[in-house]
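For reference, start32.pdb is printed below; it contains PDB, C-alpha atoms, pLDDT in the B column.
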ATOM      1  CA  MET A   1     -20.247  -8.492  12.508  1.00 88.00           C
ATOM      2  CA  ILE A   2     -17.013 -10.175  11.381  1.00 89.00           C
ATOM      3  CA  PRO A   3     -17.584 -12.688   8.559  1.00 92.00           C
ATOM      4  CA  VAL A   4     -15.572 -15.563  10.038  1.00 92.00           C
ATOM      5  CA  ASP A   5     -17.317 -18.088   7.777  1.00 94.00           C
ATOM      6  CA  ASP A   6     -16.045 -16.382   4.584  1.00 95.00           C
ATOM      7  CA  TRP A   7     -12.816 -17.732   3.057  1.00 96.00           C
ATOM      8  CA  GLN A   8     -11.909 -14.272   1.698  1.00 96.00           C
ATOM      9  CA  PHE A   9     -11.862 -12.913   5.248  1.00 96.00           C
ATOM     10  CA  TRP A  10      -9.253 -15.494   6.242  1.00 96.00           C
ATOM     11  CA  VAL A  11      -7.121 -14.860   3.134  1.00 97.00           C
ATOM     12  CA  ALA A  12      -7.166 -11.107   3.739  1.00 97.00           C
ATOM     13  CA  THR A  13      -6.428 -11.602   7.442  1.00 97.00           C
ATOM     14  CA  THR A  14      -3.479 -13.881   6.671  1.00 98.00           C
ATOM     15  CA  LEU A  15      -2.050 -11.427   4.132  1.00 98.00           C
ATOM     16  CA  ALA A  16      -2.443  -8.518   6.546  1.00 98.00           C
ATOM     17  CA  PHE A  17      -0.749 -10.462   9.349  1.00 98.00           C
ATOM     18  CA  GLY A  18       2.127 -11.408   7.015  1.00 98.00           C
ATOM     19  CA  ALA A  19       2.557  -7.796   5.949  1.00 97.00           C
ATOM     20  CA  ILE A  20       2.688  -6.673   9.573  1.00 97.00           C
ATOM     21  CA  VAL A  21       5.340  -9.280  10.343  1.00 96.00           C
ATOM     22  CA  LEU A  22       7.442  -8.200   7.339  1.00 96.00           C
ATOM     23  CA  ILE A  23       7.221  -4.544   8.343  1.00 96.00           C
ATOM     24  CA  VAL A  24       7.855  -4.946  12.079  1.00 95.00           C
ATOM     25  CA  ARG A  25      10.545  -7.658  12.006  1.00 93.00           C
ATOM     26  CA  PRO A  26      13.416  -5.441  10.724  1.00 90.00           C
ATOM     27  CA  LEU A  27      12.602  -2.884  13.416  1.00 91.00           C
ATOM     28  CA  LEU A  28      13.126  -5.356  16.268  1.00 89.00           C
ATOM     29  CA  PRO A  29      16.614  -5.788  17.756  1.00 86.00           C
ATOM     30  CA  GLY A  30      18.386  -8.892  16.586  1.00 77.00           C
ATOM     31  CA  LYS A  31      20.685 -11.331  18.345  1.00 70.00           C
ATOM     32  CA  ARG A  32      23.362 -11.365  15.637  1.00 58.00           C
ATOM     33  CA  LYS A  33      24.462  -7.821  14.986  1.00 53.00           C
ATOM     34  CA  ALA A  34      27.859  -8.717  13.480  1.00 54.00           C
ATOM     35  CA  ASN A  35      26.313 -10.279  10.356  1.00 55.00           C
ATOM     36  CA  ALA A  36      23.920  -7.385   9.782  1.00 57.00           C
ATOM     37  CA  CYS A  37      26.400  -5.482   7.606  1.00 65.00           C
ATOM     38  CA  PRO A  38      28.958  -7.714   5.866  1.00 62.00           C
ATOM     39  CA  SER A  39      30.527  -4.816   3.957  1.00 63.00           C
ATOM     40  CA  CYS A  40      31.007  -2.544   6.995  1.00 64.00           C
ATOM     41  CA  PRO A  41      34.613  -1.708   7.909  1.00 59.00           C
ATOM     42  CA  SER A  42      34.075  -2.956  11.462  1.00 62.00           C
ATOM     43  CA  ASN A  43      33.385  -6.457  10.100  1.00 58.00           C
ATOM     44  CA  ASN A  44      36.352  -6.305   7.687  1.00 55.00           C
ATOM     45  CA  PRO A  45      39.244  -4.767   9.656  1.00 60.00           C
ATOM     46  CA  LYS A  46      41.869  -5.798   7.074  1.00 62.00           C
ATOM     47  CA  PRO A  47      41.629  -3.674   3.889  1.00 57.00           C
ATOM     48  CA  PRO A  48      41.886  -5.442   0.533  1.00 60.00           C
ATOM     49  CA  SER A  49      45.369  -5.492  -0.971  1.00 67.00           C
ATOM     50  CA  ASN A  50      44.220  -3.715  -4.155  1.00 70.00           C
ATOM     51  CA  GLN A  51      43.441  -0.416  -2.384  1.00 69.00           C
ATOM     52  CA  HIS A  52      45.836   2.486  -2.884  1.00 70.00           C
ATOM     53  CA  ALA A  53      46.085   5.859  -1.204  1.00 73.00           C
ATOM     54  CA  ALA A  54      44.607   8.695  -3.231  1.00 76.00           C
ATOM     55  CA  THR A  55      46.596  11.783  -4.157  1.00 78.00           C
ATOM     56  CA  LEU A  56      45.043  14.834  -2.530  1.00 81.00           C
ATOM     57  CA  THR A  57      44.678  17.965  -4.647  1.00 84.00           C
ATOM     58  CA  ILE A  58      43.242  21.428  -4.130  1.00 84.00           C
ATOM     59  CA  ASP A  59      42.648  23.530  -7.250  1.00 86.00           C
ATOM     60  CA  GLY A  60      44.708  21.052  -9.255  1.00 80.00           C
ATOM     61  CA  LYS A  61      47.802  21.358  -7.017  1.00 82.00           C
ATOM     62  CA  SER A  62      49.129  18.359  -5.117  1.00 81.00           C
ATOM     63  CA  ILE A  63      49.147  18.557  -1.333  1.00 77.00           C
ATOM     64  CA  GLN A  64      52.027  17.143   0.721  1.00 72.00           C
ATOM     65  CA  ARG A  65      50.952  14.992   3.641  1.00 61.00           C
TER      66      ARG A  65
END

Can you present the structure in this file as structure tokens?
Amino acid sequence: MIPVDDWQFWVATTLAFGAIVLIVRPLLPGKRKANACPSCPSNNPKPPSNQHAATLTIDGKSIQR
């Protein structure tokens, strides 16, 4: 028999339901996918001005591109 007259039953049930919501919610598809990853290159097509091209080396020797 389920103890529906016990306050601890309702506290435990509420906590379990909240945990299920927190676990399942990120797995569901969202409406706003663009804001899901603010640091992704697709959301920031213009690179910052402080980025520089790296010099490529193999075994300490520079490679011409």

(request) Record the distance separating atom CA of A:Gly30 and atom CA of A:Ala12, expressed in Å with one decimal. (result) 28.7 Å

(request) Rounded to one decimal place, report the atom CA of A:Arg25-atom CA of A:Val11 distance in Å. (result) 21.0 Å

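In this structure, atom CA of A:Asp5 sits 24.4 Å away from atom CA of A:Val21.
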